[in-house]
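Everything below belongs to protein16.txt, which stores compact mmCIF, C-alpha atoms.
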# COMPACT_ATOMS: atom_id res chain seq x y z
CA MET A 1 0.00 0.00 0.00
CA ILE A 2 2.82 2.40 0.87
CA SER A 3 4.53 1.65 -2.45
CA LYS A 4 1.38 2.81 -4.24
CA LYS A 5 1.30 6.11 -2.40
CA LEU A 6 4.89 7.20 -2.74
CA PRO A 7 5.15 7.27 -6.58
CA LEU A 8 1.92 9.26 -6.82
CA TYR A 9 3.07 11.95 -4.38
CA SER A 10 6.60 12.13 -5.75
CA ASP A 11 5.14 12.49 -9.27
CA LEU A 12 2.83 15.24 -8.03
CA ASN A 13 5.73 17.12 -6.41
CA VAL A 14 7.72 17.06 -9.65
CA PHE A 15 4.58 18.03 -11.59
CA LEU A 16 3.95 21.06 -9.34
CA THR A 17 7.62 22.09 -9.52
CA ILE A 18 7.40 22.15 -13.32
CA ILE A 19 4.21 24.25 -13.15
CA ALA A 20 5.87 26.74 -10.80
CA THR A 21 8.89 26.98 -13.12
CA LEU A 22 6.67 27.62 -16.16
CA ILE A 23 4.77 30.37 -14.32
CA LEU A 24 8.03 32.08 -13.29
CA ILE A 25 9.28 31.91 -16.89
CA GLY A 26 5.93 33.32 -18.01
CA CYS A 27 6.13 36.31 -15.65
CA LEU A 28 9.72 37.02 -16.70
CA PHE A 29 8.94 37.01 -20.42
CA VAL A 30 5.60 38.80 -20.10
CA TYR A 31 7.64 41.66 -18.67
CA SER A 32 10.46 41.33 -21.19
CA SER A 33 8.20 41.12 -24.23
CA SER A 34 5.67 43.78 -23.20
CA SER A 35 7.87 46.39 -21.49
CA VAL A 36 8.34 48.67 -24.51
CA TYR A 37 4.71 48.48 -25.62
CA ALA A 38 3.48 48.98 -22.03
CA LEU A 39 5.75 52.01 -21.51
CA GLU A 40 4.60 53.67 -24.73
CA THR A 41 0.91 52.86 -24.27
CA PHE A 42 0.33 52.98 -20.50
CA GLY A 43 3.34 54.91 -19.21
CA SER A 44 4.78 52.00 -17.21
CA SER A 45 6.91 49.12 -18.46
CA PHE A 46 5.53 46.98 -15.62
CA PHE A 47 1.87 47.39 -16.62
CA PHE A 48 1.29 43.89 -18.03
CA VAL A 49 3.49 41.98 -15.60
CA LYS A 50 1.69 43.64 -12.67
CA ARG A 51 -1.63 42.50 -14.10
CA GLN A 52 -0.16 39.03 -14.64
CA CYS A 53 0.85 38.94 -10.96
CA ILE A 54 -2.71 39.90 -10.00
CA GLY A 55 -3.90 37.01 -12.17
CA LEU A 56 -1.42 34.75 -10.39
CA ALA A 57 -2.80 35.80 -6.98
CA LEU A 58 -6.36 35.12 -8.18
CA GLY A 59 -5.13 31.86 -9.69
CA LEU A 60 -3.76 30.70 -6.34
CA CYS A 61 -7.22 31.36 -4.86
CA ALA A 62 -8.70 29.31 -7.72
CA LEU A 63 -6.19 26.55 -6.98
CA ILE A 64 -7.34 26.45 -3.36
CA ALA A 65 -10.97 26.33 -4.55
CA GLY A 66 -10.19 23.46 -6.94
CA ARG A 67 -8.49 21.60 -4.09
CA ALA A 68 -11.45 22.12 -1.74
CA LEU A 69 -14.42 21.35 -4.03
CA PRO A 70 -15.88 17.84 -3.59
CA LEU A 71 -15.09 15.83 -6.72
CA SER A 72 -18.38 13.97 -6.39
CA ALA A 73 -20.22 17.30 -6.68
CA ILE A 74 -18.18 18.27 -9.76
CA LYS A 75 -18.99 14.94 -11.40
CA ARG A 76 -22.69 15.12 -10.51
CA THR A 77 -23.13 18.66 -11.83
CA ALA A 78 -20.78 18.37 -14.86
CA PRO A 79 -23.56 18.66 -17.52
CA PHE A 80 -25.01 21.74 -15.82
CA LEU A 81 -21.58 23.36 -15.42
CA PHE A 82 -20.92 22.83 -19.13
CA LEU A 83 -24.32 24.20 -20.12
CA GLY A 84 -23.79 27.23 -17.86
CA SER A 85 -20.43 27.91 -19.51
CA ILE A 86 -22.04 27.79 -22.96
CA ILE A 87 -24.61 30.35 -21.78
CA LEU A 88 -21.79 32.63 -20.58
CA VAL A 89 -20.13 32.35 -24.00
CA LEU A 90 -23.45 33.21 -25.66
CA MET A 91 -23.69 36.30 -23.44
CA THR A 92 -20.67 37.73 -25.29
CA PHE A 93 -23.12 38.55 -28.10
CA LEU A 94 -25.08 40.92 -25.84
CA PRO A 95 -23.79 44.51 -26.25
CA THR A 96 -24.54 45.23 -22.57
CA PHE A 97 -21.94 42.75 -21.32
CA ALA A 98 -19.67 42.17 -24.32
CA ARG A 99 -16.20 43.64 -24.67
CA THR A 100 -14.62 43.55 -28.11
CA ILE A 101 -10.82 43.33 -28.49
CA HIS A 102 -9.03 43.04 -31.87
CA GLY A 103 -12.39 42.55 -33.61
CA SER A 104 -13.45 39.56 -31.49
CA SER A 105 -16.21 39.52 -28.85
CA ARG A 106 -14.66 36.98 -26.50
CA TRP A 107 -14.86 38.88 -23.20
CA LEU A 108 -17.60 39.67 -20.71
CA SER A 109 -17.42 42.81 -18.62
CA PHE A 110 -19.22 43.30 -15.29
CA GLY A 111 -18.59 46.49 -13.34
CA GLY A 112 -15.16 47.01 -14.83
CA PHE A 113 -14.11 43.40 -14.31
CA SER A 114 -13.51 41.47 -17.55
CA PHE A 115 -13.00 37.77 -18.16
CA GLN A 116 -13.03 35.35 -21.08
CA PRO A 117 -15.80 32.73 -20.60
CA SER A 118 -14.28 30.38 -23.19
CA GLU A 119 -11.44 29.73 -20.72
CA LEU A 120 -13.99 28.49 -18.20
CA LEU A 121 -15.61 26.48 -20.98
CA LYS A 122 -12.37 24.50 -21.39
CA ILE A 123 -12.63 23.14 -17.85
CA THR A 124 -16.34 22.41 -17.84
CA LEU A 125 -16.07 20.69 -21.24
CA LEU A 126 -13.48 18.29 -19.84
CA PHE A 127 -15.66 17.61 -16.81
CA TYR A 128 -18.62 16.89 -19.08
CA VAL A 129 -16.69 14.65 -21.49
CA ALA A 130 -15.26 12.67 -18.54
CA TYR A 131 -18.76 12.41 -17.01
CA PHE A 132 -20.20 11.22 -20.34
CA LEU A 133 -17.49 8.59 -20.93
CA ASP A 134 -17.61 7.46 -17.30
CA LYS A 135 -21.30 6.67 -17.76
CA LYS A 136 -20.38 4.71 -20.88
CA ALA A 137 -17.84 2.71 -18.86
CA SER A 138 -20.52 2.00 -16.25
CA ASN A 139 -23.26 1.04 -18.75
CA GLY A 140 -21.02 -0.78 -21.22
CA SER A 141 -22.01 1.32 -24.26
CA ILE A 142 -23.38 4.67 -25.39
CA SER A 143 -26.81 4.73 -26.97
CA LEU A 144 -27.29 6.74 -30.15
CA LYS A 145 -29.80 8.92 -28.29
CA HIS A 146 -27.30 9.88 -25.57
CA PHE A 147 -24.57 10.44 -28.12
CA GLY A 148 -26.98 12.68 -30.06
CA ILE A 149 -27.55 14.85 -26.97
CA PHE A 150 -23.79 14.98 -26.40
CA ALA A 151 -23.14 15.95 -30.04
CA MET A 152 -25.85 18.63 -29.87
CA LEU A 153 -24.22 20.29 -26.84
CA ILE A 154 -20.77 20.11 -28.45
CA GLY A 155 -22.23 21.57 -31.66
CA THR A 156 -23.82 24.45 -29.72
CA MET A 157 -20.45 25.12 -28.09
CA CYS A 158 -18.74 25.23 -31.49
CA VAL A 159 -21.33 27.58 -33.00
CA ALA A 160 -21.02 29.93 -30.01
CA LEU A 161 -17.21 30.01 -30.23
CA LEU A 162 -17.20 30.48 -33.99
CA LYS A 163 -19.58 33.42 -33.76
CA GLN A 164 -17.16 35.31 -31.48
CA PRO A 165 -15.12 34.37 -33.67
CA ASP A 166 -12.61 31.99 -32.04
CA PHE A 167 -11.65 29.37 -34.62
CA GLY A 168 -8.48 28.35 -32.76
CA MET A 169 -10.31 27.58 -29.51
CA THR A 170 -12.98 25.64 -31.41
CA ILE A 171 -10.42 23.39 -33.10
CA THR A 172 -8.49 22.93 -29.83
CA LEU A 173 -11.56 21.84 -27.85
CA LEU A 174 -12.84 19.55 -30.61
CA LEU A 175 -9.46 17.83 -30.99
CA THR A 176 -9.22 17.45 -27.21
CA THR A 177 -12.64 15.81 -27.13
CA ILE A 178 -11.76 13.40 -29.94
CA ILE A 179 -8.45 12.39 -28.31
CA ILE A 180 -10.17 11.75 -24.96
CA PHE A 181 -12.72 9.57 -26.78
CA PHE A 182 -9.85 7.65 -28.35
CA CYS A 183 -8.11 7.23 -24.96
CA ALA A 184 -11.36 5.99 -23.42
CA HIS A 185 -11.78 3.33 -26.13
CA ALA A 186 -15.04 4.82 -27.35
CA GLN A 187 -16.88 3.14 -30.19
CA VAL A 188 -15.22 3.62 -33.56
CA LYS A 189 -18.46 4.77 -35.21
CA HIS A 190 -18.74 7.69 -32.77
CA ILE A 191 -15.16 8.78 -33.45
CA ILE A 192 -15.68 8.47 -37.24
CA ILE A 193 -18.91 10.49 -37.10
CA THR A 194 -17.18 13.21 -35.08
CA LEU A 195 -14.10 13.34 -37.33
CA PHE A 196 -16.25 13.44 -40.47
CA GLY A 197 -18.35 16.28 -39.08
CA LEU A 198 -15.19 18.14 -38.01
CA ALA A 199 -13.58 17.81 -41.47
CA ILE A 200 -16.70 19.00 -43.32
CA SER A 201 -17.19 21.91 -40.92
CA ALA A 202 -13.53 22.99 -41.15
CA VAL A 203 -13.60 23.07 -44.96
CA PHE A 204 -16.91 24.98 -44.95
CA LEU A 205 -15.69 27.53 -42.38
CA ILE A 206 -12.44 28.17 -44.24
CA LEU A 207 -13.96 28.48 -47.71
CA PHE A 208 -16.89 30.69 -46.72
CA ARG A 209 -14.99 33.12 -44.51
CA PRO A 210 -12.54 35.16 -46.62
CA TYR A 211 -10.26 36.10 -43.72
CA ARG A 212 -9.79 32.42 -42.75
CA LEU A 213 -8.98 31.51 -46.36
CA GLN A 214 -6.54 34.44 -46.41
CA ARG A 215 -4.83 33.05 -43.29
CA VAL A 216 -4.37 29.68 -45.02
CA LEU A 217 -2.96 31.37 -48.14
CA THR A 218 -0.65 33.51 -45.99
CA PHE A 219 0.51 30.39 -44.17
CA LEU A 220 1.39 28.77 -47.51
CA ASN A 221 3.32 31.83 -48.73
CA PRO A 222 3.73 34.68 -46.20
CA TRP A 223 6.28 36.43 -48.47
CA GLN A 224 3.57 37.10 -51.06
CA ASP A 225 2.41 40.07 -48.95
CA PRO A 226 5.30 40.81 -46.54
CA LYS A 227 3.95 44.20 -45.41
CA GLY A 228 0.34 43.07 -45.09
CA SER A 229 -1.10 39.67 -44.23
CA GLY A 230 2.33 38.02 -44.03
CA PHE A 231 3.89 40.69 -41.79
CA GLN A 232 3.24 39.03 -38.43
CA ILE A 233 4.54 35.57 -39.28
CA ILE A 234 7.59 37.03 -41.07
CA GLN A 235 8.46 39.14 -38.01
CA SER A 236 8.00 36.07 -35.83
CA LEU A 237 10.41 34.07 -37.99
CA ILE A 238 12.93 36.94 -37.89
CA ALA A 239 12.72 36.95 -34.08
CA ILE A 240 13.25 33.18 -33.87
CA GLY A 241 16.09 33.25 -36.39
CA SER A 242 17.78 36.15 -34.59
CA GLY A 243 18.07 34.06 -31.43
CA SER A 244 20.56 31.62 -32.96
CA TRP A 245 21.99 29.20 -30.34
CA LEU A 246 22.20 31.33 -27.19
CA GLY A 247 19.88 34.25 -27.95
CA THR A 248 20.33 38.01 -27.76
CA GLY A 249 19.95 38.02 -23.97
CA ILE A 250 16.89 38.38 -21.74
CA ALA A 251 15.23 41.79 -22.20
CA HIS A 252 17.37 42.46 -25.29
CA SER A 253 14.80 41.57 -27.97
CA ARG A 254 14.69 43.85 -30.99
CA GLN A 255 11.41 42.57 -32.37
CA LYS A 256 9.46 43.79 -29.32
CA PHE A 257 10.12 47.38 -30.50
CA PHE A 258 6.78 47.39 -32.36
CA TYR A 259 7.91 44.98 -35.09
CA LEU A 260 6.10 41.88 -33.80
CA PRO A 261 2.40 42.33 -32.89
CA MET A 262 0.94 40.47 -29.87
CA GLN A 263 4.44 39.77 -28.62
CA HIS A 264 3.34 39.14 -24.99
CA THR A 265 0.32 36.95 -25.84
CA ASP A 266 0.08 34.73 -28.92
CA PHE A 267 3.69 35.31 -30.06
CA ILE A 268 5.55 35.27 -26.76
CA PHE A 269 7.40 32.12 -27.85
CA SER A 270 9.04 34.14 -30.63
CA ILE A 271 10.46 36.58 -28.07
CA ILE A 272 11.64 33.70 -25.87
CA ALA A 273 13.39 32.19 -28.90
CA GLU A 274 14.98 35.52 -29.78
CA GLU A 275 16.25 36.24 -26.26
CA THR A 276 17.30 32.72 -25.16
CA GLY A 277 18.03 31.07 -28.50
CA PHE A 278 17.80 27.41 -29.42
CA ILE A 279 19.00 26.35 -25.95
CA GLY A 280 16.21 28.28 -24.23
CA CYS A 281 13.58 26.85 -26.60
CA ILE A 282 14.78 23.29 -25.94
CA PHE A 283 14.64 23.95 -22.19
CA LEU A 284 11.05 25.23 -22.44
CA ILE A 285 9.95 22.34 -24.67
CA THR A 286 11.59 19.87 -22.25
CA LEU A 287 9.58 21.32 -19.38
CA PHE A 288 6.32 20.77 -21.26
CA VAL A 289 7.36 17.23 -22.28
CA LEU A 290 8.13 16.41 -18.63
CA LEU A 291 4.81 17.97 -17.60
CA LEU A 292 3.01 15.65 -20.02
CA TYR A 293 5.01 12.63 -18.86
CA PHE A 294 4.33 13.15 -15.15
CA GLY A 295 0.73 14.16 -15.86
CA ILE A 296 0.10 10.85 -17.63
CA ARG A 297 1.86 8.98 -14.79
CA ILE A 298 -0.46 10.63 -12.29
CA ALA A 299 -3.52 9.87 -14.46
CA HIS A 300 -2.68 6.15 -14.54
CA GLN A 301 -2.45 6.03 -10.74
CA LEU A 302 -5.86 7.62 -10.08
CA THR A 303 -8.52 5.18 -8.91
CA THR A 304 -11.67 6.30 -10.75
CA THR A 305 -12.46 6.52 -14.45
CA PHE A 306 -13.83 10.05 -14.10
CA ASN A 307 -10.67 11.35 -12.39
CA THR A 308 -8.38 9.62 -14.88
CA LEU A 309 -10.25 11.07 -17.87
CA VAL A 310 -10.29 14.56 -16.36
CA MET A 311 -6.53 14.39 -15.74
CA LEU A 312 -5.86 13.14 -19.27
CA GLY A 313 -8.14 15.87 -20.61
CA PHE A 314 -6.18 18.56 -18.77
CA MET A 315 -2.90 17.25 -20.18
CA ILE A 316 -4.24 16.91 -23.73
CA LEU A 317 -5.73 20.41 -23.70
CA ILE A 318 -2.62 22.11 -22.29
CA HIS A 319 -0.21 20.38 -24.66
CA LEU A 320 -2.41 20.81 -27.72
CA GLN A 321 -2.33 24.54 -27.07
CA VAL A 322 1.44 24.44 -26.62
CA VAL A 323 1.89 22.61 -29.94
CA MET A 324 -0.54 24.91 -31.78
CA ASN A 325 1.10 28.04 -30.35
CA MET A 326 4.58 26.90 -31.35
CA ALA A 327 3.35 25.78 -34.77
CA VAL A 328 1.84 29.22 -35.45
CA THR A 329 4.89 31.17 -34.30
CA THR A 330 7.25 29.01 -36.38
CA GLY A 331 5.09 29.21 -39.51
CA LEU A 332 3.99 25.57 -39.40
CA ALA A 333 0.28 26.44 -39.03
CA PRO A 334 -2.00 29.36 -39.98
CA THR A 335 -2.28 32.10 -37.37
CA LYS A 336 -4.83 31.54 -34.60
CA GLY A 337 -5.46 33.27 -31.30
CA VAL A 338 -3.99 30.52 -29.12
CA GLY A 339 -1.69 31.52 -26.25
CA MET A 340 0.92 29.36 -24.55
CA PRO A 341 -0.37 27.92 -21.23
CA PHE A 342 1.28 29.38 -18.08
CA ILE A 343 3.55 31.54 -20.29
CA SER A 344 1.44 33.98 -22.34
CA TYR A 345 -0.15 37.03 -20.76
CA GLY A 346 -3.79 36.50 -19.77
CA ASN A 347 -5.38 36.59 -16.34
CA THR A 348 -8.46 34.49 -17.11
CA SER A 349 -6.43 31.68 -18.66
CA LEU A 350 -3.92 31.66 -15.78
CA VAL A 351 -6.72 31.52 -13.20
CA CYS A 352 -8.40 28.63 -15.03
CA TYR A 353 -5.14 26.68 -15.44
CA LEU A 354 -4.38 27.03 -11.73
CA PHE A 355 -7.90 25.88 -10.93
CA MET A 356 -7.10 22.76 -12.99
CA ILE A 357 -3.97 22.25 -10.87
CA GLY A 358 -6.08 22.52 -7.72
CA VAL A 359 -8.44 19.85 -9.06
CA ILE A 360 -5.45 17.61 -9.84
CA ILE A 361 -4.17 17.94 -6.26
CA ASN A 362 -7.71 17.17 -5.10
CA MET A 363 -7.83 13.99 -7.21
CA VAL A 364 -4.46 12.82 -5.90
CA HIS A 365 -5.65 13.39 -2.32
CA GLU A 366 -8.84 11.42 -3.00
CA THR A 367 -6.74 8.57 -4.42
CA ARG A 368 -4.58 8.52 -1.28
CA ILE A 369 -7.68 8.23 0.90
CA SER A 370 -9.07 5.38 -1.24
CA LEU A 371 -5.78 3.48 -0.93
CA ARG A 372 -5.83 3.52 2.86
Spit out the file's structure as structure tokens when you get a sec.
Amino acid sequence: MISKKLPLYSDLNVFLTIIATLILIGCLFVYSSSSVYALETFGSSFFFVKRQCIGLALGLCALIAGRALPLSAIKRTAPFLFLGSIILVLMTFLPTFARTIHGSSRWLSFGGFSFQPSELLKITLLFYVAYFLDKKASNGSISLKHFGIFAMLIGTMCVALLKQPDFGMTITLLLTTIIIFFCAHAQVKHIIITLFGLAISAVFLILFRPYRLQRVLTFLNPWQDPKGSGFQIIQSLIAIGSGSWLGTGIAHSRQKFFYLPMQHTDFIFSIIAEETGFIGCIFLITLFVLLLYFGIRIAHQLTTTFNTLVMLGFMILIHLQVVMNMAVTTGLAPTKGVGMPFISYGNTSLVCYLFMIGVIINMVHETRISLR
């Protein structure tokens, strides 16, 4: 019994150490990448890193909440939590509450406080998918009726996100759902139906929205319009190439001087590559690989199907976003609004990720109790 406990807790300690390291790296490079823009726009080079620290403080409160919430209550209310999150996303279409940034209505504003409901949707989606597949494990199969209800809710989520518009988040959440289904050994017909629907929808959305088609064309040849649609990705590649092996030095980026847009959010990896070089990039990638490794180790030691699927879902979601963010910044994928977890600036995302960490600690604690 003791031998079962020790690996789980040692894995958790390493896991949390990696998270803490990523957050520290994030705060450092949020400051480094945003300092010039913040000084020119808000009169203080510390503007964004101060806000990130406020997000970190709120995130630690969210972590404590995730640790304290009864997992049985989360599982029991998972469908309602997911539905509530969809309603919050739909509220971004109401002018009274909506806040538009860079042409997208992804934020809600209440009394001066703003947050992005799609970040909350990530968590509740994973709870709902784990709840749905856990019922399948208990009943032996999923009826077409129940799968239809599930698909209808997922479809509503996708429509709501696409109307904001947030194509990157839509693809991320759909891929996460499909991978969890695969990990849970769901029926092949359900996976095929979902993949077919995803492929048809993606083609339709790209062809019938000119700006999405333009992003694909820019991805294929950014040098066709170097001062227009290809400007951002070209500046990102210049930043990465300028880093060479050891980088230009922390806080010595040249591209942050208004050459590279969104340098502290979606393209923060480009600044990290420029300032720390190939060695720094390998170090950051290694941290995320180790996070995935220890996350999967923890998932396999949890004692309930629901907890295991939630843990796997967290790891899949986080690392899909990491891969997509790096792919965009290196020109391997069309541009999307996907930040790097724990690294990019964003209070709502940091709070939600730390809530996930609190839930993970909670699940490990529950496993320890069950092993007594």
Problem set entry | Nearest to Ser33 of chain A, chosen from A:Ile234, A:Leu8, A:Val49, A:Ile86, with all atoms listed in the file counted in the distances |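 The shortest atom-to-atom distance to Ser33 of chain A comes from A:Val49.
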For this session: Might you pull out every residue within 9 Å of Val364 of chain A, with only C-alpha atoms counted and same-chain residues fewer than 2 positions away left off, and present them as a list in words?
Result: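 Those residues are Leu8, Tyr9, Leu12, Ile298, Gln301, Leu302, Val359, Ile360, Ile361, Asn362, Glu366, Thr367, Arg368 and Ile369 of chain A.
Picture a line from atom CA of Glu274 of chain A to atom CA of Gly247 of chain A; it runs 5.4 Å.
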For this session: Could you tell me how far atom CA of Gly55 of chain A lies from atom CA of Thr348 of chain A, in Å and to one decimal?
Result: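 Those two atoms sit 7.2 Å apart.
Proximity to Leu71 of chain A was assessed for A:Phe258, A:Gly346, A:Ile18, A:Phe127 counting all atoms listed in the file; the smallest distance is recorded for A:Phe127.
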For this session: Could you tell me which of A:Ser10, A:Ala151, A:Gln164, A:Thr286 comes closest to Leu94 of chain A if we count all atoms listed in the file?
Result: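 The shortest atom-to-atom distance to Leu94 of chain A comes from A:Gln164.
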Exercise. Quick one, how far is atom CA of Ala299 of chain A from atom CA of Leu312 of chain A?
Worked result: 6.3 Å
For this session: Give me the residues within 9 Å of Ile272 of chain A as a list in words, counting all atoms listed in the file and dropping any in the same chain fewer than 3 places off.
Result: Phe29, Ser33, Ala239, Ile240, Gly243, Gly247, Ile250, Ser253, Ile268, Phe269, Glu275, Thr276, Gly277, Gly280 and Cys281 of chain A
For this session: Fewer than 2 positions away in the same chain doesn't count, so skip those; otherwise give me all residues within 12 Å of Arg51 of chain A, counting all atoms listed in the file, as a PyMOL selection string.
Result: chain A and resi 27+30-31+34+38+44-49+53-58+345-348+350
Identify the residues around (-8.4, 23.7, -18.3) within a radius of 8 Å, measuring from all atoms listed in the file in the coordinates stated by the file, and give them as a PDB file with C-alpha atoms, in the frame of the given file.
ATOM      1  CA  GLU A 119     -11.440  29.730 -20.720  1.00  0.00           C
ATOM      2  CA  LEU A 120     -13.990  28.490 -18.200  1.00  0.00           C
ATOM      3  CA  LYS A 122     -12.370  24.500 -21.390  1.00  0.00           C
ATOM      4  CA  ILE A 123     -12.630  23.140 -17.850  1.00  0.00           C
ATOM      5  CA  LEU A 126     -13.480  18.290 -19.840  1.00  0.00           C
ATOM      6  CA  PHE A 314      -6.180  18.560 -18.770  1.00  0.00           C
ATOM      7  CA  LEU A 317      -5.730  20.410 -23.700  1.00  0.00           C
ATOM      8  CA  ILE A 318      -2.620  22.110 -22.290  1.00  0.00           C
ATOM      9  CA  CYS A 352      -8.400  28.630 -15.030  1.00  0.00           C
ATOM     10  CA  TYR A 353      -5.140  26.680 -15.440  1.00  0.00           C
ATOM     11  CA  PHE A 355      -7.900  25.880 -10.930  1.00  0.00           C
ATOM     12  CA  MET A 356      -7.100  22.760 -12.990  1.00  0.00           C
TER      13      MET A 356
END
